[in-house]
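The structure under discussion appears below in the form of structure tokens.
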Amino acid sequence: MIARNALPDIAHPDVDTVLIMRSSAAEVYADLERGPWPKELISCTVFVSTDGEKNVTYTQWRNGEAGREYLTGFADIEAVEYRLYRSNAGVNRPVPGCIVILDVEFDGPDHDRQRRWVDTVFDAMAGETDPHPGGISGHFHVSTDGTRVLPYAEWTNADAHRDAIERSGQGMIGSGSGWQRVKEFPGVTDSGFTRYHLLHSLSESSAPEPDVLDSPTDWVAEHIRDYVETDGQSGHLYQGWPSLLLTTRGRKSGKLRRTALIYGQDDDRYVLVASNAGSPTHPAWYLNLIADPDVTIQVGAEKFAGRARPATADEKPPLWHLVTAIFPLYDTYQAKSHREIPLVIIERRTDET
């Protein structure tokens, strides 16, 4: 699963149209967080410039018409429509520390001229005998109205890009003669670049899942919401105790149900206590995983599939000591309950399990 704050996959094979807004488009982002997720949207990424002065919102769509229709619901949101034309990216690329976005405008619409400008840049890059090692990839978008080109470049960090510009001596990222032809390309009325960092992003795989029902208890639901929205940065430690999110399938409804629980860790296994605060009945999540032991858990930002089972009588004593050292009230809950409180062990699922 793609993390919430992940850079977009620029070369995603399903992308038909890119809609770019020269603002943070906070209304749009907030609407996507609330859901429902637009069917044709692949990702929405907001970048902030390294000087904190500018924002740009980059959205990928399977269908441009659906994207334009969605954005008409927001006042004062203007988007420019692009399609990816050419990319230059190697394999085993490092994680980018800086995104450089250029704005290239022409004196009128000409789709062939857009492509010729990009091809000229590729010729210049091919002529570089000593390309700067900080460059990771370059992706060149052409606007559908024929008037603009938007290069999106990934760099190891802002200093690397700054150094490449200084080394070139001509305001470009290379020093070869081909870059002069880029600078003198006819019909370009404006061009310039801005260095950005990721501010926040959503992708379809991290979009709200309407079929997952959170705990009906208000304070638990609020804890879950905080945990999900921050990828565990807020919520993983709940009042000082480590907590995870457990998703089980309802034994009666068949629906996915999510709750937040304190956990202990025994090597690579996660240990949960089905205390139900000492109530005489087992908690619903425990009954669910007995019926279907395949669960999903989130620990901090990490989400993975797990297989759950009750601890055996031999396993329980040391594990009980582990969890009560974290949360001593479990001893109190056991003392007041007539049932034996079960411990649950969750192990990561692999392809073989």
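So you can find residues: chains in the structure tokens are A, B, ... in the order shown, residues in each start at 1, and ligands are numbered from 1 in order.
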Which residues come within 10 Å of Arg93 of chain A, counting only C-alpha atoms, excluding same-chain residues fewer than 6 positions away, as a short mmCIF file (atom, residue, chain, number, x, y, z; two decimals) with N, CA and C atoms, in the first residue's frame?
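For reference, part35.cif as written:
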```cif
data_model
loop_
_atom_site.label_atom_id
_atom_site.label_comp_id
_atom_site.auth_asym_id
_atom_site.auth_seq_id
_atom_site.Cartn_x
_atom_site.Cartn_y
_atom_site.Cartn_z
N GLY A 135 21.05 14.62 -10.32
CA GLY A 135 19.81 14.48 -11.09
C GLY A 135 19.32 13.05 -11.07
N ILE A 136 18.04 12.84 -10.77
CA ILE A 136 17.48 11.50 -10.67
C ILE A 136 16.62 11.16 -11.88
N SER A 137 15.71 12.06 -12.24
CA SER A 137 14.81 11.79 -13.36
C SER A 137 14.25 13.10 -13.89
N GLU A 154 13.28 15.24 -10.65
CA GLU A 154 13.60 14.77 -9.30
C GLU A 154 15.11 14.87 -9.08
N THR A 156 18.36 14.72 -5.91
CA THR A 156 18.68 14.18 -4.59
C THR A 156 18.40 15.20 -3.50
#
```
(Q) Considering only helix (DSSP H, G or I) as DSSP defines it on the backbone, what residues of segment 159-279 of chain A qualify? List them as a PyMOL selection string. (A) chain A and resi 159-168+178-183+204-206+218-229+276-278
Just-selected residues, N, CA, C and O atoms written as a compact mmCIF listing (two decimals), in the first residue's frame:
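This went into again_11.txt:
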```txt
# COMPACT_ATOMS: atom_id res chain seq x y z
N ASP A 159 20.44 21.43 -2.91
CA ASP A 159 21.82 21.86 -3.12
C ASP A 159 22.41 21.25 -4.38
O ASP A 159 23.21 21.90 -5.07
N ALA A 160 22.06 20.02 -4.68
CA ALA A 160 22.57 19.37 -5.89
C ALA A 160 22.09 20.11 -7.14
O ALA A 160 22.85 20.35 -8.08
N HIS A 161 20.81 20.49 -7.16
CA HIS A 161 20.29 21.23 -8.30
C HIS A 161 20.95 22.60 -8.39
O HIS A 161 21.33 23.06 -9.48
N ARG A 162 21.11 23.24 -7.26
CA ARG A 162 21.76 24.55 -7.22
C ARG A 162 23.20 24.46 -7.77
O ARG A 162 23.65 25.30 -8.54
N ASP A 163 23.89 23.41 -7.38
CA ASP A 163 25.27 23.21 -7.83
C ASP A 163 25.33 22.97 -9.33
O ASP A 163 26.23 23.46 -10.01
N ALA A 164 24.35 22.20 -9.85
CA ALA A 164 24.33 21.93 -11.30
C ALA A 164 24.15 23.21 -12.08
O ALA A 164 24.80 23.42 -13.12
N ILE A 165 23.27 24.10 -11.61
CA ILE A 165 23.05 25.38 -12.29
C ILE A 165 24.34 26.21 -12.27
O ILE A 165 24.73 26.80 -13.30
N GLU A 166 24.99 26.25 -11.12
CA GLU A 166 26.22 27.05 -11.01
C GLU A 166 27.34 26.49 -11.88
O GLU A 166 28.09 27.23 -12.51
N ARG A 167 27.45 25.17 -11.93
CA ARG A 167 28.50 24.53 -12.72
C ARG A 167 28.31 24.75 -14.21
O ARG A 167 29.28 24.82 -14.97
N SER A 168 27.07 24.87 -14.66
CA SER A 168 26.81 24.98 -16.10
C SER A 168 27.32 26.28 -16.68
O SER A 168 27.73 26.34 -17.84
N GLY A 178 24.47 21.83 -26.49
CA GLY A 178 23.06 21.63 -26.79
C GLY A 178 22.14 22.49 -25.95
O GLY A 178 21.02 22.82 -26.37
N TRP A 179 22.61 22.91 -24.78
CA TRP A 179 21.76 23.73 -23.92
C TRP A 179 21.57 25.14 -24.47
O TRP A 179 20.56 25.80 -24.19
N GLN A 180 22.51 25.59 -25.28
CA GLN A 180 22.35 26.91 -25.90
C GLN A 180 21.17 26.90 -26.85
O GLN A 180 20.43 27.88 -26.96
N ARG A 181 20.97 25.78 -27.55
CA ARG A 181 19.82 25.66 -28.47
C ARG A 181 18.50 25.66 -27.68
O ARG A 181 17.49 26.16 -28.16
N VAL A 182 18.54 25.11 -26.44
CA VAL A 182 17.35 25.16 -25.60
C VAL A 182 17.07 26.62 -25.21
O VAL A 182 15.93 27.09 -25.28
N LYS A 183 18.12 27.36 -24.83
CA LYS A 183 17.94 28.75 -24.40
C LYS A 183 17.43 29.62 -25.55
O LYS A 183 16.66 30.56 -25.33
N GLU A 204 -4.95 6.84 -4.56
CA GLU A 204 -6.17 6.05 -4.49
C GLU A 204 -6.04 4.89 -3.51
O GLU A 204 -7.00 4.48 -2.89
N SER A 205 -4.84 4.36 -3.33
CA SER A 205 -4.67 3.24 -2.41
C SER A 205 -4.68 3.68 -0.96
O SER A 205 -4.85 2.87 -0.07
N SER A 206 -4.49 5.00 -0.71
CA SER A 206 -4.56 5.49 0.66
C SER A 206 -5.81 6.33 0.90
O SER A 206 -5.96 6.97 1.91
N ASP A 218 -16.92 6.89 20.72
CA ASP A 218 -16.47 8.17 20.18
C ASP A 218 -14.98 8.41 20.37
O ASP A 218 -14.28 8.79 19.44
N TRP A 219 -14.47 8.19 21.61
CA TRP A 219 -13.07 8.52 21.85
C TRP A 219 -12.14 7.57 21.11
O TRP A 219 -11.05 7.97 20.68
N VAL A 220 -12.57 6.32 20.91
CA VAL A 220 -11.75 5.37 20.13
C VAL A 220 -11.76 5.77 18.66
O VAL A 220 -10.73 5.75 17.99
N ALA A 221 -12.94 6.15 18.15
CA ALA A 221 -13.05 6.57 16.75
C ALA A 221 -12.18 7.81 16.49
O ALA A 221 -11.55 7.92 15.44
N GLU A 222 -12.16 8.73 17.46
CA GLU A 222 -11.33 9.92 17.32
C GLU A 222 -9.84 9.55 17.31
O GLU A 222 -9.06 10.11 16.53
N HIS A 223 -9.46 8.61 18.17
CA HIS A 223 -8.08 8.12 18.20
C HIS A 223 -7.72 7.50 16.85
O HIS A 223 -6.64 7.78 16.28
N ILE A 224 -8.61 6.67 16.31
CA ILE A 224 -8.35 6.03 15.01
C ILE A 224 -8.19 7.08 13.92
O ILE A 224 -7.27 7.02 13.09
N ARG A 225 -9.08 8.06 13.90
CA ARG A 225 -9.04 9.10 12.87
C ARG A 225 -7.72 9.86 12.92
O ARG A 225 -7.09 10.12 11.90
N ASP A 226 -7.28 10.20 14.11
CA ASP A 226 -6.02 10.91 14.29
C ASP A 226 -4.85 10.05 13.83
O ASP A 226 -3.93 10.52 13.16
N TYR A 227 -4.90 8.77 14.16
CA TYR A 227 -3.85 7.81 13.80
C TYR A 227 -3.73 7.72 12.27
O TYR A 227 -2.63 7.80 11.70
N VAL A 228 -4.89 7.54 11.60
CA VAL A 228 -4.90 7.37 10.15
C VAL A 228 -4.44 8.63 9.44
O VAL A 228 -3.64 8.59 8.49
N GLU A 229 -4.95 9.78 9.87
CA GLU A 229 -4.65 11.03 9.18
C GLU A 229 -3.18 11.42 9.27
O GLU A 229 -2.67 12.12 8.40
N ASN A 276 -11.48 -6.01 27.27
CA ASN A 276 -12.79 -5.37 27.29
C ASN A 276 -13.01 -4.67 28.63
O ASN A 276 -14.12 -4.68 29.18
N ALA A 277 -11.90 -4.11 29.18
CA ALA A 277 -11.92 -3.40 30.46
C ALA A 277 -12.46 -4.25 31.60
O ALA A 277 -13.06 -3.75 32.55
N GLY A 278 -12.25 -5.59 31.51
CA GLY A 278 -12.71 -6.48 32.57
C GLY A 278 -14.16 -6.88 32.47
O GLY A 278 -14.71 -7.50 33.40
```
Which residues in segment 152-303 of chain A does DSSP call strand (DSSP E)? List them as a PDB file with N, CA, C and O atoms, in the first residue's frame.
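Output file result-v6.pdb follows:
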```pdb
ATOM      1  N   TYR A 152       9.089  18.193 -14.928  1.00  0.00           N
ATOM      2  CA  TYR A 152       9.054  17.809 -13.514  1.00  0.00           C
ATOM      3  C   TYR A 152      10.309  16.968 -13.293  1.00  0.00           C
ATOM      4  O   TYR A 152      10.444  15.870 -13.843  1.00  0.00           O
ATOM      5  N   ALA A 153      11.251  17.486 -12.505  1.00  0.00           N
ATOM      6  CA  ALA A 153      12.539  16.810 -12.327  1.00  0.00           C
ATOM      7  C   ALA A 153      12.750  16.434 -10.870  1.00  0.00           C
ATOM      8  O   ALA A 153      12.444  17.209  -9.961  1.00  0.00           O
ATOM      9  N   GLU A 154      13.282  15.237 -10.651  1.00  0.00           N
ATOM     10  CA  GLU A 154      13.597  14.765  -9.304  1.00  0.00           C
ATOM     11  C   GLU A 154      15.107  14.871  -9.078  1.00  0.00           C
ATOM     12  O   GLU A 154      15.899  14.433  -9.917  1.00  0.00           O
ATOM     13  N   TRP A 155      15.476  15.451  -7.923  1.00  0.00           N
ATOM     14  CA  TRP A 155      16.882  15.620  -7.561  1.00  0.00           C
ATOM     15  C   TRP A 155      17.116  15.062  -6.168  1.00  0.00           C
ATOM     16  O   TRP A 155      16.187  14.994  -5.351  1.00  0.00           O
ATOM     17  N   VAL A 188       9.598  30.936 -27.231  1.00  0.00           N
ATOM     18  CA  VAL A 188       9.461  30.838 -25.785  1.00  0.00           C
ATOM     19  C   VAL A 188       9.350  32.254 -25.213  1.00  0.00           C
ATOM     20  O   VAL A 188      10.247  33.080 -25.411  1.00  0.00           O
ATOM     21  N   THR A 189       8.258  32.535 -24.534  1.00  0.00           N
ATOM     22  CA  THR A 189       8.058  33.879 -23.979  1.00  0.00           C
ATOM     23  C   THR A 189       8.385  33.952 -22.495  1.00  0.00           C
ATOM     24  O   THR A 189       8.626  35.028 -21.960  1.00  0.00           O
ATOM     25  N   ASP A 190       8.368  32.815 -21.818  1.00  0.00           N
ATOM     26  CA  ASP A 190       8.643  32.828 -20.383  1.00  0.00           C
ATOM     27  C   ASP A 190       9.113  31.443 -19.964  1.00  0.00           C
ATOM     28  O   ASP A 190       8.639  30.423 -20.479  1.00  0.00           O
ATOM     29  N   SER A 191      10.057  31.400 -19.062  1.00  0.00           N
ATOM     30  CA  SER A 191      10.512  30.126 -18.506  1.00  0.00           C
ATOM     31  C   SER A 191      11.172  30.400 -17.163  1.00  0.00           C
ATOM     32  O   SER A 191      11.730  31.471 -16.928  1.00  0.00           O
ATOM     33  N   GLY A 192      11.106  29.449 -16.312  1.00  0.00           N
ATOM     34  CA  GLY A 192      11.705  29.579 -14.990  1.00  0.00           C
ATOM     35  C   GLY A 192      11.419  28.335 -14.179  1.00  0.00           C
ATOM     36  O   GLY A 192      10.530  27.547 -14.526  1.00  0.00           O
ATOM     37  N   PHE A 193      12.174  28.146 -13.110  1.00  0.00           N
ATOM     38  CA  PHE A 193      11.991  26.945 -12.311  1.00  0.00           C
ATOM     39  C   PHE A 193      11.793  27.316 -10.841  1.00  0.00           C
ATOM     40  O   PHE A 193      12.166  28.396 -10.387  1.00  0.00           O
ATOM     41  N   THR A 194      11.195  26.379 -10.111  1.00  0.00           N
ATOM     42  CA  THR A 194      11.035  26.507  -8.666  1.00  0.00           C
ATOM     43  C   THR A 194      11.379  25.168  -8.035  1.00  0.00           C
ATOM     44  O   THR A 194      11.003  24.111  -8.550  1.00  0.00           O
ATOM     45  N   ARG A 195      12.113  25.220  -6.937  1.00  0.00           N
ATOM     46  CA  ARG A 195      12.443  23.997  -6.196  1.00  0.00           C
ATOM     47  C   ARG A 195      11.369  23.770  -5.132  1.00  0.00           C
ATOM     48  O   ARG A 195      10.995  24.693  -4.402  1.00  0.00           O
ATOM     49  N   TYR A 196      10.922  22.521  -5.029  1.00  0.00           N
ATOM     50  CA  TYR A 196       9.832  22.187  -4.116  1.00  0.00           C
ATOM     51  C   TYR A 196      10.198  21.008  -3.224  1.00  0.00           C
ATOM     52  O   TYR A 196      11.060  20.189  -3.548  1.00  0.00           O
ATOM     53  N   HIS A 197       9.467  20.943  -2.108  1.00  0.00           N
ATOM     54  CA  HIS A 197       9.439  19.757  -1.253  1.00  0.00           C
ATOM     55  C   HIS A 197       7.999  19.269  -1.186  1.00  0.00           C
ATOM     56  O   HIS A 197       7.051  20.040  -1.370  1.00  0.00           O
ATOM     57  N   LEU A 198       7.828  17.980  -0.887  1.00  0.00           N
ATOM     58  CA  LEU A 198       6.494  17.435  -0.675  1.00  0.00           C
ATOM     59  C   LEU A 198       5.866  18.042   0.576  1.00  0.00           C
ATOM     60  O   LEU A 198       6.500  18.095   1.631  1.00  0.00           O
ATOM     61  N   LEU A 199       4.634  18.531   0.440  1.00  0.00           N
ATOM     62  CA  LEU A 199       3.886  19.022   1.598  1.00  0.00           C
ATOM     63  C   LEU A 199       2.980  17.913   2.127  1.00  0.00           C
ATOM     64  O   LEU A 199       3.060  17.524   3.279  1.00  0.00           O
ATOM     65  N   HIS A 200       2.106  17.388   1.266  1.00  0.00           N
ATOM     66  CA  HIS A 200       1.301  16.221   1.621  1.00  0.00           C
ATOM     67  C   HIS A 200       0.679  15.643   0.353  1.00  0.00           C
ATOM     68  O   HIS A 200       0.612  16.303  -0.683  1.00  0.00           O
ATOM     69  N   SER A 201       0.244  14.400   0.438  1.00  0.00           N
ATOM     70  CA  SER A 201      -0.334  13.765  -0.741  1.00  0.00           C
ATOM     71  C   SER A 201      -1.295  12.665  -0.339  1.00  0.00           C
ATOM     72  O   SER A 201      -1.238  12.123   0.766  1.00  0.00           O
ATOM     73  N   LEU A 202      -2.177  12.339  -1.274  1.00  0.00           N
ATOM     74  CA  LEU A 202      -3.086  11.209  -1.159  1.00  0.00           C
ATOM     75  C   LEU A 202      -3.045  10.445  -2.480  1.00  0.00           C
ATOM     76  O   LEU A 202      -2.892  11.049  -3.546  1.00  0.00           O
ATOM     77  N   SER A 203      -3.167   9.130  -2.402  1.00  0.00           N
ATOM     78  CA  SER A 203      -3.300   8.336  -3.617  1.00  0.00           C
ATOM     79  C   SER A 203      -4.504   7.436  -3.459  1.00  0.00           C
ATOM     80  O   SER A 203      -5.020   7.268  -2.343  1.00  0.00           O
ATOM     81  N   VAL A 212     -14.772   0.217   5.583  1.00  0.00           N
ATOM     82  CA  VAL A 212     -14.146  -0.030   6.873  1.00  0.00           C
ATOM     83  C   VAL A 212     -14.880   0.794   7.928  1.00  0.00           C
ATOM     84  O   VAL A 212     -14.918   2.022   7.856  1.00  0.00           O
ATOM     85  N   LEU A 213     -15.453   0.125   8.903  1.00  0.00           N
ATOM     86  CA  LEU A 213     -16.224   0.799   9.941  1.00  0.00           C
ATOM     87  C   LEU A 213     -15.376   0.919  11.197  1.00  0.00           C
ATOM     88  O   LEU A 213     -14.845  -0.076  11.702  1.00  0.00           O
ATOM     89  N   ASP A 214     -15.233   2.141  11.687  1.00  0.00           N
ATOM     90  CA  ASP A 214     -14.447   2.368  12.895  1.00  0.00           C
ATOM     91  C   ASP A 214     -15.294   2.133  14.141  1.00  0.00           C
ATOM     92  O   ASP A 214     -16.521   2.091  14.088  1.00  0.00           O
ATOM     93  N   LEU A 237       1.584   6.568  19.965  1.00  0.00           N
ATOM     94  CA  LEU A 237       1.708   6.629  21.417  1.00  0.00           C
ATOM     95  C   LEU A 237       0.458   7.319  21.959  1.00  0.00           C
ATOM     96  O   LEU A 237       0.257   8.512  21.731  1.00  0.00           O
ATOM     97  N   TYR A 238      -0.390   6.550  22.629  1.00  0.00           N
ATOM     98  CA  TYR A 238      -1.637   7.090  23.151  1.00  0.00           C
ATOM     99  C   TYR A 238      -1.506   7.223  24.662  1.00  0.00           C
ATOM    100  O   TYR A 238      -1.425   6.216  25.384  1.00  0.00           O
ATOM    101  N   TRP A 241       1.205   5.088  25.915  1.00  0.00           N
ATOM    102  CA  TRP A 241       1.185   3.650  25.658  1.00  0.00           C
ATOM    103  C   TRP A 241       1.239   3.388  24.156  1.00  0.00           C
ATOM    104  O   TRP A 241       0.556   4.071  23.368  1.00  0.00           O
ATOM    105  N   PRO A 242       1.993   2.399  23.706  1.00  0.00           N
ATOM    106  CA  PRO A 242       2.041   2.087  22.275  1.00  0.00           C
ATOM    107  C   PRO A 242       0.710   1.493  21.812  1.00  0.00           C
ATOM    108  O   PRO A 242       0.145   0.617  22.475  1.00  0.00           O
ATOM    109  N   SER A 243       0.191   1.980  20.710  1.00  0.00           N
ATOM    110  CA  SER A 243      -1.090   1.477  20.215  1.00  0.00           C
ATOM    111  C   SER A 243      -0.997   1.191  18.720  1.00  0.00           C
ATOM    112  O   SER A 243      -0.207   1.798  17.997  1.00  0.00           O
ATOM    113  N   LEU A 244      -1.809   0.264  18.277  1.00  0.00           N
ATOM    114  CA  LEU A 244      -1.904  -0.076  16.858  1.00  0.00           C
ATOM    115  C   LEU A 244      -3.367  -0.073  16.450  1.00  0.00           C
ATOM    116  O   LEU A 244      -4.276  -0.029  17.291  1.00  0.00           O
ATOM    117  N   LEU A 245      -3.590  -0.132  15.145  1.00  0.00           N
ATOM    118  CA  LEU A 245      -4.938  -0.248  14.604  1.00  0.00           C
ATOM    119  C   LEU A 245      -5.135  -1.665  14.104  1.00  0.00           C
ATOM    120  O   LEU A 245      -4.317  -2.184  13.338  1.00  0.00           O
ATOM    121  N   LEU A 246      -6.211  -2.298  14.544  1.00  0.00           N
ATOM    122  CA  LEU A 246      -6.531  -3.666  14.147  1.00  0.00           C
ATOM    123  C   LEU A 246      -7.819  -3.653  13.337  1.00  0.00           C
ATOM    124  O   LEU A 246      -8.829  -3.095  13.765  1.00  0.00           O
ATOM    125  N   THR A 247      -7.776  -4.274  12.161  1.00  0.00           N
ATOM    126  CA  THR A 247      -8.970  -4.402  11.325  1.00  0.00           C
ATOM    127  C   THR A 247      -9.319  -5.878  11.194  1.00  0.00           C
ATOM    128  O   THR A 247      -8.499  -6.687  10.749  1.00  0.00           O
ATOM    129  N   THR A 248     -10.535  -6.215  11.610  1.00  0.00           N
ATOM    130  CA  THR A 248     -11.039  -7.583  11.508  1.00  0.00           C
ATOM    131  C   THR A 248     -12.282  -7.582  10.630  1.00  0.00           C
ATOM    132  O   THR A 248     -12.849  -6.521  10.336  1.00  0.00           O
ATOM    133  N   ARG A 249     -12.702  -8.786  10.234  1.00  0.00           N
ATOM    134  CA  ARG A 249     -13.948  -8.887   9.468  1.00  0.00           C
ATOM    135  C   ARG A 249     -15.058  -9.349  10.417  1.00  0.00           C
ATOM    136  O   ARG A 249     -14.920 -10.352  11.120  1.00  0.00           O
ATOM    137  N   LEU A 256     -15.656  -4.963   7.274  1.00  0.00           N
ATOM    138  CA  LEU A 256     -14.385  -4.718   7.946  1.00  0.00           C
ATOM    139  C   LEU A 256     -14.593  -3.735   9.090  1.00  0.00           C
ATOM    140  O   LEU A 256     -15.246  -2.694   8.925  1.00  0.00           O
ATOM    141  N   ARG A 257     -14.011  -4.053  10.245  1.00  0.00           N
ATOM    142  CA  ARG A 257     -14.187  -3.220  11.428  1.00  0.00           C
ATOM    143  C   ARG A 257     -12.826  -2.926  12.046  1.00  0.00           C
ATOM    144  O   ARG A 257     -12.001  -3.826  12.185  1.00  0.00           O
ATOM    145  N   ARG A 258     -12.619  -1.663  12.397  1.00  0.00           N
ATOM    146  CA  ARG A 258     -11.307  -1.215  12.856  1.00  0.00           C
ATOM    147  C   ARG A 258     -11.398  -0.652  14.272  1.00  0.00           C
ATOM    148  O   ARG A 258     -12.322   0.078  14.607  1.00  0.00           O
ATOM    149  N   THR A 259     -10.388  -0.996  15.086  1.00  0.00           N
ATOM    150  CA  THR A 259     -10.311  -0.454  16.436  1.00  0.00           C
ATOM    151  C   THR A 259      -8.861  -0.155  16.774  1.00  0.00           C
ATOM    152  O   THR A 259      -7.939  -0.575  16.055  1.00  0.00           O
ATOM    153  N   ALA A 260      -8.647   0.570  17.854  1.00  0.00           N
ATOM    154  CA  ALA A 260      -7.297   0.905  18.325  1.00  0.00           C
ATOM    155  C   ALA A 260      -7.045   0.176  19.633  1.00  0.00           C
ATOM    156  O   ALA A 260      -7.913   0.147  20.514  1.00  0.00           O
ATOM    157  N   LEU A 261      -5.840  -0.420  19.750  1.00  0.00           N
ATOM    158  CA  LEU A 261      -5.533  -1.238  20.910  1.00  0.00           C
ATOM    159  C   LEU A 261      -4.099  -1.022  21.359  1.00  0.00           C
ATOM    160  O   LEU A 261      -3.195  -0.824  20.539  1.00  0.00           O
ATOM    161  N   ILE A 262      -3.890  -1.081  22.667  1.00  0.00           N
ATOM    162  CA  ILE A 262      -2.532  -1.106  23.210  1.00  0.00           C
ATOM    163  C   ILE A 262      -1.900  -2.447  22.841  1.00  0.00           C
ATOM    164  O   ILE A 262      -2.584  -3.478  22.808  1.00  0.00           O
ATOM    165  N   GLY A 264       1.823  -5.102  22.923  1.00  0.00           N
ATOM    166  CA  GLY A 264       3.189  -5.427  23.305  1.00  0.00           C
ATOM    167  C   GLY A 264       3.861  -6.096  22.115  1.00  0.00           C
ATOM    168  O   GLY A 264       3.180  -6.590  21.207  1.00  0.00           O
ATOM    169  N   GLN A 265       5.164  -6.108  22.102  1.00  0.00           N
ATOM    170  CA  GLN A 265       5.884  -6.718  20.982  1.00  0.00           C
ATOM    171  C   GLN A 265       6.858  -7.761  21.514  1.00  0.00           C
ATOM    172  O   GLN A 265       7.662  -7.495  22.415  1.00  0.00           O
ATOM    173  N   ASP A 266       6.749  -8.960  20.963  1.00  0.00           N
ATOM    174  CA  ASP A 266       7.614 -10.081  21.327  1.00  0.00           C
ATOM    175  C   ASP A 266       8.361 -10.497  20.070  1.00  0.00           C
ATOM    176  O   ASP A 266       7.819 -11.206  19.216  1.00  0.00           O
ATOM    177  N   ARG A 269       6.478 -10.496  16.733  1.00  0.00           N
ATOM    178  CA  ARG A 269       5.062 -10.775  16.975  1.00  0.00           C
ATOM    179  C   ARG A 269       4.440  -9.636  17.787  1.00  0.00           C
ATOM    180  O   ARG A 269       5.110  -9.021  18.616  1.00  0.00           O
ATOM    181  N   TYR A 270       3.161  -9.391  17.543  1.00  0.00           N
ATOM    182  CA  TYR A 270       2.428  -8.358  18.267  1.00  0.00           C
ATOM    183  C   TYR A 270       1.436  -9.040  19.214  1.00  0.00           C
ATOM    184  O   TYR A 270       0.776 -10.021  18.837  1.00  0.00           O
ATOM    185  N   VAL A 271       1.362  -8.544  20.431  1.00  0.00           N
ATOM    186  CA  VAL A 271       0.541  -9.166  21.468  1.00  0.00           C
ATOM    187  C   VAL A 271      -0.556  -8.189  21.902  1.00  0.00           C
ATOM    188  O   VAL A 271      -0.279  -7.045  22.273  1.00  0.00           O
ATOM    189  N   LEU A 272      -1.806  -8.664  21.856  1.00  0.00           N
ATOM    190  CA  LEU A 272      -2.968  -7.863  22.238  1.00  0.00           C
ATOM    191  C   LEU A 272      -3.694  -8.529  23.403  1.00  0.00           C
ATOM    192  O   LEU A 272      -3.638  -9.757  23.564  1.00  0.00           O
ATOM    193  N   VAL A 273      -4.401  -7.730  24.184  1.00  0.00           N
ATOM    194  CA  VAL A 273      -5.133  -8.225  25.347  1.00  0.00           C
ATOM    195  C   VAL A 273      -6.623  -8.014  25.107  1.00  0.00           C
ATOM    196  O   VAL A 273      -7.069  -6.875  24.923  1.00  0.00           O
ATOM    197  N   ASP A 294      -7.519 -13.868   9.653  1.00  0.00           N
ATOM    198  CA  ASP A 294      -6.773 -12.983   8.756  1.00  0.00           C
ATOM    199  C   ASP A 294      -7.163 -11.535   9.049  1.00  0.00           C
ATOM    200  O   ASP A 294      -8.320 -11.144   8.866  1.00  0.00           O
ATOM    201  N   VAL A 295      -6.203 -10.755   9.501  1.00  0.00           N
ATOM    202  CA  VAL A 295      -6.465  -9.385   9.937  1.00  0.00           C
ATOM    203  C   VAL A 295      -5.488  -8.440   9.245  1.00  0.00           C
ATOM    204  O   VAL A 295      -4.541  -8.862   8.591  1.00  0.00           O
ATOM    205  N   THR A 296      -5.741  -7.147   9.415  1.00  0.00           N
ATOM    206  CA  THR A 296      -4.807  -6.114   8.969  1.00  0.00           C
ATOM    207  C   THR A 296      -4.459  -5.257  10.170  1.00  0.00           C
ATOM    208  O   THR A 296      -5.349  -4.915  10.967  1.00  0.00           O
ATOM    209  N   ILE A 297      -3.186  -4.926  10.310  1.00  0.00           N
ATOM    210  CA  ILE A 297      -2.818  -4.022  11.396  1.00  0.00           C
ATOM    211  C   ILE A 297      -1.978  -2.873  10.842  1.00  0.00           C
ATOM    212  O   ILE A 297      -1.334  -2.994   9.796  1.00  0.00           O
ATOM    213  N   GLN A 298      -2.041  -1.770  11.552  1.00  0.00           N
ATOM    214  CA  GLN A 298      -1.203  -0.611  11.261  1.00  0.00           C
ATOM    215  C   GLN A 298      -0.451  -0.262  12.528  1.00  0.00           C
ATOM    216  O   GLN A 298      -1.040  -0.027  13.576  1.00  0.00           O
ATOM    217  N   VAL A 299       0.877  -0.235  12.408  1.00  0.00           N
ATOM    218  CA  VAL A 299       1.744   0.142  13.519  1.00  0.00           C
ATOM    219  C   VAL A 299       2.536   1.360  13.068  1.00  0.00           C
ATOM    220  O   VAL A 299       3.407   1.261  12.198  1.00  0.00           O
ATOM    221  N   GLU A 302       3.283   1.959   9.176  1.00  0.00           N
ATOM    222  CA  GLU A 302       3.351   0.679   8.470  1.00  0.00           C
ATOM    223  C   GLU A 302       2.038  -0.086   8.583  1.00  0.00           C
ATOM    224  O   GLU A 302       1.474  -0.235   9.658  1.00  0.00           O
ATOM    225  N   LYS A 303       1.567  -0.586   7.434  1.00  0.00           N
ATOM    226  CA  LYS A 303       0.352  -1.379   7.384  1.00  0.00           C
ATOM    227  C   LYS A 303       0.684  -2.731   6.766  1.00  0.00           C
ATOM    228  O   LYS A 303       1.384  -2.791   5.761  1.00  0.00           O
TER     229      LYS A 303
END
```
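Separating atom CA of Asn157 of chain A from atom CA of Cys98 of chain A is a distance of 4.7 Å.
In this comparison, which uses only C-alpha atoms, the residue of A:Pro96, A:Pro8, A:Gly108, A:Gly146 approaching Val46 of chain A most closely is A:Pro8.
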Q) With distances taken over only C-alpha atoms, which of A:Asp14, A:Asp211, A:Thr72, A:His141 is nearest to Gly35 of chain A? A)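 Comparing A:Asp14, A:Asp211, A:Thr72, A:His141 against Gly35 of chain A, the winner is A:Asp211.
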Q.
From the options A:Lys252, A:Gly73, A:Arg148, A:Gly67, which residue's atoms come nearest to Val104 of chain A, counting only C-alpha atoms?
A.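 Of A:Lys252, A:Gly73, A:Arg148, A:Gly67, the one nearest Val104 of chain A, counting only C-alpha atoms, is A:Arg148.
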(Q) List as JSON, numbers by chain the protein and nucleic acid residues near Glu347 of chain A, meaning an atom at most 9 Å away when only C-alpha atoms are counted, but skip any in the same chain fewer than 5 places from it. (A) {"A": [268, 269, 270, 305, 306, 307, 308, 309]}
